Structures are given as C-alpha cells and as structure tokens.
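Colleague: First the structure, which I've put down as structure tokens, then a few questions once you've had a look.
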Amino acid sequence: MNGTRWGRSALLGVPALVLVVLCGMGMSTGVLAHHVVIQSGTADLSTSGLYGVDFGLSVVDNKQKVRQADGTVVIRDIRLIRAGFAQGKLNELCIAMHQTILGQDYTLKLTGGDGNLSTWEVDARNVELDGARVAGTLTLDGVVKFGITGEDVTTIKAPDGSFVENPLEATPSQHRFGADATFAEFTQLTGKVYAMEIVGPFNLPGLKVKIESGRTTCPAPPAPTAPPS
C-alpha cells in the first residue's frame, strides 16, 4: 500500500493453493511473512471482529478473468469495495477459497485465533482488501469523513509522518465514493473477498490450513464478548 505494489491483474490466474506456500513459512509460530497476498477470484471471509486504526474505503474497479463456454478466457471489469487500514486487530479469522482440480471441487480453508471471543488476538498492519460483498456491523469513531472521493482517503503514513497519497489507488478521474475514519470496528463481519494484501507483519495464532472436499464455507461468526484493547 506504500511504494511497491503487487500487480492486481497479474495474479488473477494463480491458484489459491499457492496460499499454502505463503503461510507455511510461519505456521509453527503463527507469524506469517511480511508480505502476504491472497487472491483466488473470490474467497469467503468471516471474523467475529475487526478493529482498524486509520481506516479508509473506496469504490474501485478491478479486472477479472472469466472463462467462456467454449473455453476461451476474457477479461472484464468488476466493481468492488476496497478497504484498508494502517494497524488492526481481529477476533478470530476464517478464509475459505474454492478450487476445481480435474473436475473435482475443493476448498482451501485457513483459520486462526485463540478461540476466546473476549480477546482480539490477531495482529495485522498495512492491510488492504477488495470485497465483492461485505456484511456486518460497522462503527466509525474519531475524525470521520463520509462521502469524500476515493482518491482523498487516507490510511498509512510515509516515514516523514505524512499520509501516503491515494493509498487505495482509486482512479482520480472517476471521483468514486470514499469514507475515512480514525477508528473503525466491524463486528460479525462476513463477505466475499476478491483479494487481500497484508504488507506489514501478520501475527495469526492457532493457524490451521486444510483442504476439504467440495465447496464449503466459513461458519457464521459469533459476536465478540469484549471490546478491542
């Protein structure tokens, strides 16, 4: 989200199973790589709670590969909600990604957390995600700006302490809807996530990765039993 960025269209064909390699580097400790990319078309995401500092969101366009009935592949634009925050905490996490291999459906499922709904044990920094559908309860606090343009949203800061310009890479000429807040808290968050990028450290205790037969989903998240601390 600051400086070098991964190509949003270059990785559209990468299978979700690559995530196993990305996560495996730190599975014994729950501390993942400093740059984690999850991109598989769409993935189901659920968390009991997400708390972000320096939060922003914007409506953006992205590219999607679509396979036609005759086997050819075309690229089309899809409209997404892009959200990002500089620092955050999550209360439990589940991500389910679907793959079809040799005609058989599989689900790659990543889960993490300590099983205690009163703690917000997952730490992440410099996070950005593209959501095709997001549901839950959102509370904004601090300095809240609602209805600004996407290119004016702020999240992360440069080394000199100033906010990085247009961190969500909204197209300036489109002046799409945006929102900005010092603090944001989602509870019982579920959604279809098109892509997620974590540039900063990502600490995920209790990390488990498994492959399930068929197309399974993450369970509906319960509400947190305590506020973030």
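To be explicit about the labels: the chains of the structure tokens are called A, B, and onward in the order shown, and within each one the residues are counted from 1, while ligands get numbers from 1 in the order they are shown.
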Quick one: everything within 9 Å of region 218-224 of chain A, counting only C-alpha atoms, minus sequence neighbours fewer than 5 positions away in the same chain. Send it as a PyMOL selection string.
Modeller: chain A and resi 44-49+91-96+109+111+116-120+187-190
Colleague: Do a neighbour search on Phe55 (chain A) at 10 Å with only C-alpha atoms, toss out local chain neighbours closer than 2 positions, and write the hits as a VMD selection string.
Modeller: chain A and resid 51 to 53 57 83 to 88 127 to 128 140 144 153 to 156 179 to 185
Colleague: Please identify the strand (DSSP E or B) residues within region 5-216 of chain A (assignment by DSSP from backbone atoms) and present them as an mmCIF file with N, CA and C atoms, in the first residue's frame.
Modeller:
data_model
loop_
_atom_site.group_PDB
_atom_site.id
_atom_site.type_symbol
_atom_site.label_atom_id
_atom_site.label_comp_id
_atom_site.auth_asym_id
_atom_site.auth_seq_id
_atom_site.Cartn_x
_atom_site.Cartn_y
_atom_site.Cartn_z
ATOM 1 N N VAL A 31 3.332 -16.496 12.977
ATOM 2 C CA VAL A 31 3.786 -15.224 12.420
ATOM 3 C C VAL A 31 4.068 -15.438 10.946
ATOM 4 N N LEU A 32 3.275 -14.809 10.075
ATOM 5 C CA LEU A 32 3.411 -15.026 8.645
ATOM 6 C C LEU A 32 4.402 -14.031 8.043
ATOM 7 N N VAL A 36 1.955 -10.834 2.564
ATOM 8 C CA VAL A 36 1.077 -11.960 2.275
ATOM 9 C C VAL A 36 0.035 -11.516 1.262
ATOM 10 N N VAL A 37 -0.133 -12.288 0.206
ATOM 11 C CA VAL A 37 -1.124 -11.988 -0.819
ATOM 12 C C VAL A 37 -2.092 -13.159 -0.918
ATOM 13 N N ILE A 38 -3.376 -12.880 -0.848
ATOM 14 C CA ILE A 38 -4.412 -13.886 -1.036
ATOM 15 C C ILE A 38 -5.260 -13.418 -2.205
ATOM 16 N N GLN A 39 -5.254 -14.186 -3.297
ATOM 17 C CA GLN A 39 -6.040 -13.789 -4.455
ATOM 18 C C GLN A 39 -6.456 -15.037 -5.206
ATOM 19 N N SER A 40 -7.760 -15.273 -5.299
ATOM 20 C CA SER A 40 -8.217 -16.517 -5.919
ATOM 21 C C SER A 40 -9.512 -16.328 -6.691
ATOM 22 N N GLY A 41 -9.792 -15.137 -7.123
ATOM 23 C CA GLY A 41 -11.099 -14.850 -7.724
ATOM 24 C C GLY A 41 -12.001 -14.280 -6.662
ATOM 25 N N THR A 42 -12.619 -15.139 -5.852
ATOM 26 C CA THR A 42 -13.316 -14.695 -4.648
ATOM 27 C C THR A 42 -13.082 -15.715 -3.552
ATOM 28 N N ALA A 43 -13.066 -15.259 -2.316
ATOM 29 C CA ALA A 43 -12.909 -16.125 -1.162
ATOM 30 C C ALA A 43 -13.913 -15.699 -0.108
ATOM 31 N N ASP A 44 -14.420 -16.665 0.647
ATOM 32 C CA ASP A 44 -15.298 -16.348 1.767
ATOM 33 C C ASP A 44 -14.448 -15.958 2.960
ATOM 34 N N LEU A 45 -14.818 -14.875 3.622
ATOM 35 C CA LEU A 45 -14.105 -14.416 4.808
ATOM 36 C C LEU A 45 -15.095 -14.199 5.935
ATOM 37 N N SER A 46 -14.712 -14.576 7.143
ATOM 38 C CA SER A 46 -15.531 -14.269 8.302
ATOM 39 C C SER A 46 -14.631 -14.003 9.500
ATOM 40 N N THR A 47 -15.035 -13.073 10.333
ATOM 41 C CA THR A 47 -14.333 -12.774 11.570
ATOM 42 C C THR A 47 -15.331 -12.214 12.574
ATOM 43 N N SER A 48 -15.153 -12.567 13.822
ATOM 44 C CA SER A 48 -16.038 -12.037 14.861
ATOM 45 C C SER A 48 -15.882 -10.536 14.997
ATOM 46 N N GLY A 49 -14.675 -10.046 14.798
ATOM 47 C CA GLY A 49 -14.463 -8.614 14.903
ATOM 48 C C GLY A 49 -13.193 -8.175 14.204
ATOM 49 N N LEU A 50 -13.240 -6.985 13.626
ATOM 50 C CA LEU A 50 -12.074 -6.364 13.003
ATOM 51 C C LEU A 50 -12.023 -4.919 13.475
ATOM 52 N N TYR A 51 -10.880 -4.539 14.066
ATOM 53 C CA TYR A 51 -10.701 -3.181 14.566
ATOM 54 C C TYR A 51 -9.519 -2.561 13.841
ATOM 55 N N GLY A 52 -9.752 -1.429 13.177
ATOM 56 C CA GLY A 52 -8.707 -0.795 12.395
ATOM 57 C C GLY A 52 -8.452 0.642 12.801
ATOM 58 N N VAL A 53 -7.185 1.039 12.772
ATOM 59 C CA VAL A 53 -6.759 2.420 13.019
ATOM 60 C C VAL A 53 -6.334 3.031 11.687
ATOM 61 N N ASP A 54 -6.741 4.287 11.457
ATOM 62 C CA ASP A 54 -6.523 4.953 10.168
ATOM 63 C C ASP A 54 -7.150 4.118 9.060
ATOM 64 N N PHE A 55 -8.473 4.064 9.083
ATOM 65 C CA PHE A 55 -9.266 3.216 8.195
ATOM 66 C C PHE A 55 -9.813 4.032 7.036
ATOM 67 N N GLY A 56 -9.872 3.420 5.858
ATOM 68 C CA GLY A 56 -10.486 4.071 4.708
ATOM 69 C C GLY A 56 -11.084 3.048 3.770
ATOM 70 N N LEU A 57 -12.074 3.475 2.993
ATOM 71 C CA LEU A 57 -12.638 2.603 1.969
ATOM 72 C C LEU A 57 -13.039 3.430 0.757
ATOM 73 N N SER A 58 -13.104 2.749 -0.386
ATOM 74 C CA SER A 58 -13.465 3.415 -1.636
ATOM 75 C C SER A 58 -14.070 2.401 -2.581
ATOM 76 N N VAL A 59 -14.915 2.859 -3.490
ATOM 77 C CA VAL A 59 -15.425 2.031 -4.575
ATOM 78 C C VAL A 59 -14.402 2.075 -5.704
ATOM 79 N N VAL A 60 -14.001 0.903 -6.214
ATOM 80 C CA VAL A 60 -12.981 0.828 -7.256
ATOM 81 C C VAL A 60 -13.401 -0.190 -8.314
ATOM 82 N N ASP A 61 -12.707 -0.183 -9.438
ATOM 83 C CA ASP A 61 -12.866 -1.204 -10.466
ATOM 84 C C ASP A 61 -11.639 -2.102 -10.466
ATOM 85 N N ASN A 62 -11.833 -3.373 -10.769
ATOM 86 C CA ASN A 62 -10.723 -4.301 -10.882
ATOM 87 C C ASN A 62 -10.978 -5.227 -12.064
ATOM 88 N N LYS A 63 -9.995 -6.023 -12.407
ATOM 89 C CA LYS A 63 -10.096 -6.947 -13.533
ATOM 90 C C LYS A 63 -10.388 -8.356 -13.041
ATOM 91 N N GLN A 64 -11.164 -9.096 -13.831
ATOM 92 C CA GLN A 64 -11.474 -10.478 -13.504
ATOM 93 C C GLN A 64 -11.417 -11.327 -14.768
ATOM 94 N N LYS A 65 -10.782 -12.495 -14.644
ATOM 95 C CA LYS A 65 -10.773 -13.441 -15.749
ATOM 96 C C LYS A 65 -12.061 -14.255 -15.727
ATOM 97 N N VAL A 66 -12.711 -14.381 -16.883
ATOM 98 C CA VAL A 66 -13.947 -15.151 -16.996
ATOM 99 C C VAL A 66 -13.781 -16.158 -18.130
ATOM 100 N N ARG A 67 -13.979 -17.435 -17.816
ATOM 101 C CA ARG A 67 -13.868 -18.481 -18.829
ATOM 102 C C ARG A 67 -15.217 -18.691 -19.503
ATOM 103 N N VAL A 73 -10.932 -17.367 -22.579
ATOM 104 C CA VAL A 73 -10.920 -16.522 -21.383
ATOM 105 C C VAL A 73 -10.976 -15.064 -21.802
ATOM 106 N N VAL A 74 -11.858 -14.305 -21.175
ATOM 107 C CA VAL A 74 -11.956 -12.870 -21.431
ATOM 108 C C VAL A 74 -11.745 -12.128 -20.112
ATOM 109 N N ILE A 75 -11.351 -10.873 -20.216
ATOM 110 C CA ILE A 75 -11.142 -10.020 -19.059
ATOM 111 C C ILE A 75 -12.291 -9.028 -18.967
ATOM 112 N N ARG A 76 -12.883 -8.914 -17.802
ATOM 113 C CA ARG A 76 -13.963 -7.956 -17.617
ATOM 114 C C ARG A 76 -13.709 -7.131 -16.361
ATOM 115 N N ASP A 77 -14.290 -5.939 -16.327
ATOM 116 C CA ASP A 77 -14.195 -5.079 -15.154
ATOM 117 C C ASP A 77 -15.277 -5.460 -14.153
ATOM 118 N N ILE A 78 -14.908 -5.486 -12.873
ATOM 119 C CA ILE A 78 -15.888 -5.690 -11.811
ATOM 120 C C ILE A 78 -15.742 -4.563 -10.804
ATOM 121 N N ARG A 79 -16.836 -4.174 -10.197
ATOM 122 C CA ARG A 79 -16.821 -3.092 -9.222
ATOM 123 C C ARG A 79 -16.751 -3.676 -7.818
ATOM 124 N N LEU A 80 -15.834 -3.140 -7.017
ATOM 125 C CA LEU A 80 -15.557 -3.687 -5.699
ATOM 126 C C LEU A 80 -15.483 -2.570 -4.662
ATOM 127 N N ILE A 81 -15.558 -2.971 -3.402
ATOM 128 C CA ILE A 81 -15.294 -2.066 -2.287
ATOM 129 C C ILE A 81 -13.896 -2.376 -1.782
ATOM 130 N N ARG A 82 -13.009 -1.388 -1.834
ATOM 131 C CA ARG A 82 -11.643 -1.579 -1.345
ATOM 132 C C ARG A 82 -11.509 -0.893 0.009
ATOM 133 N N ALA A 83 -11.082 -1.651 1.007
ATOM 134 C CA ALA A 83 -10.900 -1.119 2.352
ATOM 135 C C ALA A 83 -9.466 -1.336 2.789
ATOM 136 N N GLY A 84 -8.957 -0.418 3.582
ATOM 137 C CA GLY A 84 -7.598 -0.556 4.085
ATOM 138 C C GLY A 84 -7.446 0.096 5.436
ATOM 139 N N PHE A 85 -6.477 -0.377 6.200
ATOM 140 C CA PHE A 85 -6.159 0.269 7.469
ATOM 141 C C PHE A 85 -4.683 0.086 7.780
ATOM 142 N N ALA A 86 -4.141 1.031 8.562
ATOM 143 C CA ALA A 86 -2.714 1.019 8.863
ATOM 144 C C ALA A 86 -2.374 -0.018 9.920
ATOM 145 N N GLN A 87 -3.207 -0.118 10.956
ATOM 146 C CA GLN A 87 -2.993 -1.091 12.017
ATOM 147 C C GLN A 87 -4.337 -1.701 12.372
ATOM 148 N N GLY A 88 -4.333 -2.963 12.722
ATOM 149 C CA GLY A 88 -5.606 -3.585 13.039
ATOM 150 C C GLY A 88 -5.479 -4.802 13.923
ATOM 151 N N LYS A 89 -6.619 -5.189 14.481
ATOM 152 C CA LYS A 89 -6.738 -6.398 15.282
ATOM 153 C C LYS A 89 -7.993 -7.141 14.838
ATOM 154 N N LEU A 90 -7.924 -8.462 14.850
ATOM 155 C CA LEU A 90 -9.077 -9.284 14.519
ATOM 156 C C LEU A 90 -9.358 -10.249 15.656
ATOM 157 N N ASN A 91 -10.621 -10.590 15.790
ATOM 158 C CA ASN A 91 -11.067 -11.556 16.792
ATOM 159 C C ASN A 91 -11.517 -12.806 16.042
ATOM 160 N N LEU A 93 -10.500 -15.612 12.798
ATOM 161 C CA LEU A 93 -10.463 -15.388 11.356
ATOM 162 C C LEU A 93 -10.654 -16.704 10.615
ATOM 163 N N CYS A 94 -11.449 -16.648 9.558
ATOM 164 C CA CYS A 94 -11.615 -17.801 8.663
ATOM 165 C C CYS A 94 -11.645 -17.293 7.229
ATOM 166 N N ILE A 95 -10.881 -17.946 6.351
ATOM 167 C CA ILE A 95 -10.888 -17.650 4.927
ATOM 168 C C ILE A 95 -11.040 -18.967 4.181
ATOM 169 N N ALA A 96 -12.015 -19.056 3.292
ATOM 170 C CA ALA A 96 -12.260 -20.269 2.511
ATOM 171 C C ALA A 96 -12.167 -19.935 1.036
ATOM 172 N N MET A 97 -11.310 -20.646 0.312
ATOM 173 C CA MET A 97 -11.107 -20.406 -1.112
ATOM 174 C C MET A 97 -11.417 -21.672 -1.888
ATOM 175 N N HIS A 98 -12.167 -21.530 -2.964
ATOM 176 C CA HIS A 98 -12.632 -22.681 -3.731
ATOM 177 C C HIS A 98 -11.790 -22.884 -4.985
ATOM 178 N N GLN A 99 -11.490 -24.150 -5.259
ATOM 179 C CA GLN A 99 -10.735 -24.515 -6.447
ATOM 180 C C GLN A 99 -11.384 -25.739 -7.090
ATOM 181 N N THR A 100 -11.286 -25.834 -8.409
ATOM 182 C CA THR A 100 -11.714 -27.025 -9.131
ATOM 183 C C THR A 100 -10.495 -27.623 -9.810
ATOM 184 N N ILE A 101 -10.160 -28.862 -9.452
ATOM 185 C CA ILE A 101 -8.991 -29.540 -9.978
ATOM 186 C C ILE A 101 -9.432 -30.844 -10.615
ATOM 187 N N GLN A 104 -12.970 -31.821 -9.971
ATOM 188 C CA GLN A 104 -13.383 -32.034 -8.589
ATOM 189 C C GLN A 104 -13.264 -30.725 -7.803
ATOM 190 N N ASP A 105 -14.314 -30.367 -7.049
ATOM 191 C CA ASP A 105 -14.290 -29.153 -6.239
ATOM 192 C C ASP A 105 -13.585 -29.401 -4.914
ATOM 193 N N TYR A 106 -12.765 -28.428 -4.537
ATOM 194 C CA TYR A 106 -12.068 -28.462 -3.255
ATOM 195 C C TYR A 106 -12.176 -27.083 -2.599
ATOM 196 N N THR A 107 -12.008 -27.043 -1.290
ATOM 197 C CA THR A 107 -11.962 -25.786 -0.546
ATOM 198 C C THR A 107 -10.695 -25.747 0.279
ATOM 199 N N LEU A 108 -9.895 -24.711 0.074
ATOM 200 C CA LEU A 108 -8.730 -24.459 0.911
ATOM 201 C C LEU A 108 -9.181 -23.531 2.032
ATOM 202 N N LYS A 109 -9.080 -23.991 3.266
ATOM 203 C CA LYS A 109 -9.614 -23.216 4.391
ATOM 204 C C LYS A 109 -8.493 -22.868 5.366
ATOM 205 N N LEU A 110 -8.375 -21.572 5.626
ATOM 206 C CA LEU A 110 -7.412 -21.052 6.597
ATOM 207 C C LEU A 110 -8.181 -20.517 7.797
ATOM 208 N N THR A 111 -7.830 -20.969 8.984
ATOM 209 C CA THR A 111 -8.460 -20.465 10.203
ATOM 210 C C THR A 111 -7.380 -20.087 11.208
ATOM 211 N N GLY A 112 -7.703 -19.171 12.089
ATOM 212 C CA GLY A 112 -6.756 -18.761 13.110
ATOM 213 C C GLY A 112 -7.457 -18.053 14.246
ATOM 214 N N VAL A 122 -5.444 -11.405 16.816
ATOM 215 C CA VAL A 122 -4.782 -11.403 15.509
ATOM 216 C C VAL A 122 -4.308 -9.992 15.196
ATOM 217 N N ASP A 123 -3.008 -9.817 15.043
ATOM 218 C CA ASP A 123 -2.430 -8.514 14.729
ATOM 219 C C ASP A 123 -2.057 -8.441 13.259
ATOM 220 N N ALA A 124 -2.380 -7.310 12.624
ATOM 221 C CA ALA A 124 -2.028 -7.115 11.221
ATOM 222 C C ALA A 124 -1.778 -5.631 10.977
ATOM 223 N N ARG A 125 -0.865 -5.331 10.078
ATOM 224 C CA ARG A 125 -0.566 -3.946 9.722
ATOM 225 C C ARG A 125 -0.536 -3.792 8.208
ATOM 226 N N ASN A 126 -0.903 -2.601 7.793
ATOM 227 C CA ASN A 126 -0.867 -2.262 6.373
ATOM 228 C C ASN A 126 -1.669 -3.285 5.562
ATOM 229 N N VAL A 127 -2.958 -3.356 5.871
ATOM 230 C CA VAL A 127 -3.850 -4.351 5.266
ATOM 231 C C VAL A 127 -4.768 -3.678 4.256
ATOM 232 N N GLU A 128 -5.001 -4.364 3.147
ATOM 233 C CA GLU A 128 -5.948 -3.882 2.144
ATOM 234 C C GLU A 128 -6.714 -5.073 1.588
ATOM 235 N N LEU A 129 -8.016 -4.914 1.427
ATOM 236 C CA LEU A 129 -8.806 -5.997 0.825
ATOM 237 C C LEU A 129 -9.847 -5.425 -0.119
ATOM 238 N N ASP A 130 -10.147 -6.216 -1.145
ATOM 239 C CA ASP A 130 -11.195 -5.893 -2.113
ATOM 240 C C ASP A 130 -12.366 -6.823 -1.859
ATOM 241 N N GLY A 131 -13.529 -6.276 -1.581
ATOM 242 C CA GLY A 131 -14.694 -7.083 -1.276
ATOM 243 C C GLY A 131 -15.770 -6.959 -2.332
ATOM 244 N N ALA A 132 -16.265 -8.109 -2.819
ATOM 245 C CA ALA A 132 -17.392 -8.100 -3.735
ATOM 246 C C ALA A 132 -18.702 -7.963 -2.968
ATOM 247 N N ARG A 133 -18.706 -8.451 -1.722
ATOM 248 C CA ARG A 133 -19.877 -8.320 -0.848
ATOM 249 C C ARG A 133 -19.392 -8.352 0.589
ATOM 250 N N VAL A 134 -19.857 -7.421 1.399
ATOM 251 C CA VAL A 134 -19.458 -7.354 2.797
ATOM 252 C C VAL A 134 -20.694 -7.096 3.641
ATOM 253 N N ALA A 135 -20.831 -7.833 4.756
ATOM 254 C CA ALA A 135 -21.962 -7.643 5.661
ATOM 255 C C ALA A 135 -21.450 -7.676 7.097
ATOM 256 N N GLY A 136 -22.124 -6.951 7.964
ATOM 257 C CA GLY A 136 -21.749 -6.895 9.367
ATOM 258 C C GLY A 136 -22.146 -5.550 9.946
ATOM 259 N N THR A 137 -21.699 -5.294 11.158
ATOM 260 C CA THR A 137 -21.976 -4.022 11.826
ATOM 261 C C THR A 137 -20.708 -3.191 11.856
ATOM 262 N N LEU A 138 -20.793 -1.953 11.365
ATOM 263 C CA LEU A 138 -19.640 -1.065 11.285
ATOM 264 C C LEU A 138 -19.853 0.146 12.182
ATOM 265 N N THR A 139 -18.858 0.429 13.034
ATOM 266 C CA THR A 139 -18.863 1.617 13.884
ATOM 267 C C THR A 139 -17.615 2.434 13.579
ATOM 268 N N LEU A 140 -17.803 3.710 13.228
ATOM 269 C CA LEU A 140 -16.688 4.609 12.951
ATOM 270 C C LEU A 140 -16.549 5.606 14.086
ATOM 271 N N ASP A 141 -15.306 5.981 14.407
ATOM 272 C CA ASP A 141 -15.071 6.909 15.517
ATOM 273 C C ASP A 141 -13.867 7.773 15.195
ATOM 274 N N GLY A 142 -13.642 8.779 16.052
ATOM 275 C CA GLY A 142 -12.552 9.719 15.820
ATOM 276 C C GLY A 142 -12.973 10.742 14.784
ATOM 277 N N VAL A 143 -12.053 11.116 13.900
ATOM 278 C CA VAL A 143 -12.368 12.019 12.796
ATOM 279 C C VAL A 143 -12.948 11.173 11.662
ATOM 280 N N VAL A 144 -14.222 11.390 11.368
ATOM 281 C CA VAL A 144 -14.923 10.587 10.373
ATOM 282 C C VAL A 144 -15.296 11.467 9.184
ATOM 283 N N LYS A 145 -14.916 11.036 7.982
ATOM 284 C CA LYS A 145 -15.276 11.738 6.754
ATOM 285 C C LYS A 145 -16.044 10.756 5.882
ATOM 286 N N PHE A 146 -17.284 11.077 5.590
ATOM 287 C CA PHE A 146 -18.159 10.172 4.840
ATOM 288 C C PHE A 146 -18.579 10.858 3.548
ATOM 289 N N GLY A 147 -18.408 10.152 2.419
ATOM 290 C CA GLY A 147 -18.808 10.725 1.148
ATOM 291 C C GLY A 147 -17.729 11.514 0.459
ATOM 292 N N ILE A 148 -16.471 11.391 0.913
ATOM 293 C CA ILE A 148 -15.374 12.033 0.196
ATOM 294 C C ILE A 148 -15.037 11.190 -1.035
ATOM 295 N N THR A 149 -14.210 11.708 -1.925
ATOM 296 C CA THR A 149 -13.822 10.924 -3.093
ATOM 297 C C THR A 149 -12.755 9.907 -2.702
ATOM 298 N N LYS A 157 0.932 5.963 6.642
ATOM 299 C CA LYS A 157 1.773 7.157 6.634
ATOM 300 C C LYS A 157 3.150 6.854 6.068
ATOM 301 N N PHE A 163 0.496 11.434 5.504
ATOM 302 C CA PHE A 163 -0.282 10.340 4.926
ATOM 303 C C PHE A 163 0.126 10.104 3.466
ATOM 304 N N PHE A 177 -17.039 7.144 -4.584
ATOM 305 C CA PHE A 177 -17.364 7.310 -3.170
ATOM 306 C C PHE A 177 -16.233 6.791 -2.283
ATOM 307 N N GLY A 178 -15.961 7.515 -1.196
ATOM 308 C CA GLY A 178 -14.976 7.076 -0.218
ATOM 309 C C GLY A 178 -15.384 7.475 1.187
ATOM 310 N N ALA A 179 -14.781 6.819 2.154
ATOM 311 C CA ALA A 179 -15.005 7.138 3.566
ATOM 312 C C ALA A 179 -13.681 7.002 4.302
ATOM 313 N N ASP A 180 -13.543 7.781 5.360
ATOM 314 C CA ASP A 180 -12.277 7.847 6.082
ATOM 315 C C ASP A 180 -12.577 8.009 7.569
ATOM 316 N N ALA A 181 -11.857 7.288 8.423
ATOM 317 C CA ALA A 181 -12.093 7.402 9.858
ATOM 318 C C ALA A 181 -10.819 7.076 10.625
ATOM 319 N N THR A 182 -10.664 7.706 11.772
ATOM 320 C CA THR A 182 -9.514 7.412 12.626
ATOM 321 C C THR A 182 -9.590 5.991 13.151
ATOM 322 N N PHE A 183 -10.801 5.564 13.535
ATOM 323 C CA PHE A 183 -11.000 4.218 14.060
ATOM 324 C C PHE A 183 -12.225 3.592 13.393
ATOM 325 N N ALA A 184 -12.154 2.288 13.147
ATOM 326 C CA ALA A 184 -13.292 1.558 12.593
ATOM 327 C C ALA A 184 -13.375 0.194 13.268
ATOM 328 N N GLU A 185 -14.586 -0.206 13.599
ATOM 329 C CA GLU A 185 -14.789 -1.521 14.208
ATOM 330 C C GLU A 185 -15.929 -2.251 13.500
ATOM 331 N N PHE A 186 -15.602 -3.398 12.889
ATOM 332 C CA PHE A 186 -16.597 -4.291 12.315
ATOM 333 C C PHE A 186 -16.855 -5.420 13.307
ATOM 334 N N THR A 187 -18.099 -5.804 13.471
ATOM 335 C CA THR A 187 -18.405 -6.992 14.257
ATOM 336 C C THR A 187 -19.225 -7.949 13.409
ATOM 337 N N GLN A 188 -19.007 -9.243 13.644
ATOM 338 C CA GLN A 188 -19.661 -10.314 12.896
ATOM 339 C C GLN A 188 -19.581 -10.040 11.395
ATOM 340 N N LEU A 189 -18.354 -9.842 10.941
ATOM 341 C CA LEU A 189 -18.087 -9.485 9.550
ATOM 342 C C LEU A 189 -18.017 -10.733 8.674
ATOM 343 N N THR A 190 -18.770 -10.729 7.585
ATOM 344 C CA THR A 190 -18.682 -11.781 6.572
ATOM 345 C C THR A 190 -18.621 -11.118 5.206
ATOM 346 N N GLY A 191 -18.066 -11.829 4.235
ATOM 347 C CA GLY A 191 -18.023 -11.238 2.915
ATOM 348 C C GLY A 191 -17.382 -12.130 1.887
ATOM 349 N N LYS A 192 -17.536 -11.718 0.636
ATOM 350 C CA LYS A 192 -16.846 -12.316 -0.490
ATOM 351 C C LYS A 192 -15.659 -11.406 -0.805
ATOM 352 N N VAL A 193 -14.477 -11.895 -0.595
ATOM 353 C CA VAL A 193 -13.275 -11.088 -0.768
ATOM 354 C C VAL A 193 -12.590 -11.488 -2.063
ATOM 355 N N TYR A 194 -12.380 -10.513 -2.919
ATOM 356 C CA TYR A 194 -11.740 -10.749 -4.204
ATOM 357 C C TYR A 194 -10.228 -10.852 -4.060
ATOM 358 N N ALA A 195 -9.658 -10.053 -3.170
ATOM 359 C CA ALA A 195 -8.214 -10.079 -2.941
ATOM 360 C C ALA A 195 -7.921 -9.461 -1.583
ATOM 361 N N MET A 196 -6.826 -9.911 -0.968
ATOM 362 C CA MET A 196 -6.381 -9.311 0.282
ATOM 363 C C MET A 196 -4.863 -9.258 0.280
ATOM 364 N N GLU A 197 -4.330 -8.132 0.726
ATOM 365 C CA GLU A 197 -2.882 -7.942 0.792
ATOM 366 C C GLU A 197 -2.524 -7.440 2.170
ATOM 367 N N ILE A 198 -1.518 -8.074 2.779
ATOM 368 C CA ILE A 198 -1.007 -7.650 4.079
ATOM 369 C C ILE A 198 0.478 -7.386 3.907
ATOM 370 N N PHE A 202 2.063 -9.931 10.202
ATOM 371 C CA PHE A 202 0.750 -10.545 10.367
ATOM 372 C C PHE A 202 0.900 -11.683 11.363
ATOM 373 N N ASN A 203 0.391 -11.496 12.583
ATOM 374 C CA ASN A 203 0.503 -12.497 13.636
ATOM 375 C C ASN A 203 -0.833 -13.202 13.786
ATOM 376 N N LYS A 208 -4.321 -22.714 11.161
ATOM 377 C CA LYS A 208 -4.554 -24.037 10.577
ATOM 378 C C LYS A 208 -4.917 -23.857 9.110
ATOM 379 N N VAL A 209 -4.352 -24.692 8.259
ATOM 380 C CA VAL A 209 -4.676 -24.707 6.837
ATOM 381 C C VAL A 209 -5.054 -26.126 6.458
ATOM 382 N N LYS A 210 -6.218 -26.314 5.876
ATOM 383 C CA LYS A 210 -6.632 -27.654 5.469
ATOM 384 C C LYS A 210 -7.387 -27.587 4.151
ATOM 385 N N ILE A 211 -7.401 -28.712 3.449
ATOM 386 C CA ILE A 211 -8.115 -28.836 2.188
ATOM 387 C C ILE A 211 -9.313 -29.755 2.406
ATOM 388 N N GLU A 212 -10.506 -29.272 2.064
ATOM 389 C CA GLU A 212 -11.734 -30.029 2.231
ATOM 390 C C GLU A 212 -12.328 -30.352 0.870
ATOM 391 N N SER A 213 -12.954 -31.508 0.763
ATOM 392 C CA SER A 213 -13.644 -31.871 -0.471
ATOM 393 C C SER A 213 -14.923 -31.062 -0.610
#
Colleague: At what distance in Å, to one decimal, does CA of Gly115 (chain A) lie from CA of Ser229 (chain A)?
Modeller: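 Here the two named atoms are 16.6 Å from each other.
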Colleague: Among region 8-218 of chain A, which ones does DSSP assign to alpha helix (DSSP H) (computed from the backbone)? Answer as a CSV table (one decimal) with all heavy atoms, in the first residue's frame.
Modeller:
chain,number,residue,atom,x,y,z
A,18,VAL,N,-1.6,-21.8,-3.8
A,18,VAL,CA,-0.3,-21.1,-3.5
A,18,VAL,C,-0.3,-20.6,-2.1
A,18,VAL,O,0.8,-20.4,-1.5
A,18,VAL,CB,-0.1,-20.1,-4.6
A,18,VAL,CG1,1.2,-19.2,-4.2
A,18,VAL,CG2,0.1,-20.7,-6.0
A,19,LEU,N,-1.4,-20.3,-1.6
A,19,LEU,CA,-1.5,-19.7,-0.2
A,19,LEU,C,-0.9,-20.6,0.8
A,19,LEU,O,-0.3,-20.2,1.8
A,19,LEU,CB,-3.0,-19.5,0.2
A,19,LEU,CG,-3.2,-19.0,1.6
A,19,LEU,CD1,-2.6,-17.6,1.7
A,19,LEU,CD2,-4.7,-18.9,1.9
A,20,VAL,N,-0.9,-21.9,0.6
A,20,VAL,CA,-0.3,-22.9,1.5
A,20,VAL,C,1.2,-22.6,1.6
A,20,VAL,O,1.8,-22.6,2.7
A,20,VAL,CB,-0.5,-24.3,1.0
A,20,VAL,CG1,0.3,-25.3,1.9
A,20,VAL,CG2,-2.0,-24.7,1.1
A,21,VAL,N,1.9,-22.3,0.5
A,21,VAL,CA,3.3,-22.0,0.5
A,21,VAL,C,3.5,-20.7,1.2
A,21,VAL,O,4.5,-20.6,2.0
A,21,VAL,CB,3.8,-21.8,-1.0
A,21,VAL,CG1,5.3,-21.5,-1.0
A,21,VAL,CG2,3.6,-23.1,-1.7
A,22,LEU,N,2.7,-19.7,1.0
A,22,LEU,CA,2.9,-18.4,1.7
A,22,LEU,C,2.7,-18.5,3.2
A,22,LEU,O,3.5,-17.9,4.0
A,22,LEU,CB,1.8,-17.4,1.2
A,22,LEU,CG,2.0,-17.0,-0.3
A,22,LEU,CD1,0.8,-16.1,-0.7
A,22,LEU,CD2,3.3,-16.2,-0.5
A,23,CYS,N,1.8,-19.3,3.6
A,23,CYS,CA,1.5,-19.5,5.1
A,23,CYS,C,2.5,-20.4,5.7
A,23,CYS,O,2.8,-20.3,6.9
A,23,CYS,CB,0.1,-20.0,5.3
A,23,CYS,SG,-1.2,-18.8,4.8
A,24,GLY,N,3.0,-21.4,5.0
A,24,GLY,CA,3.8,-22.4,5.6
A,24,GLY,C,5.1,-21.9,6.1
A,24,GLY,O,5.7,-22.5,7.0
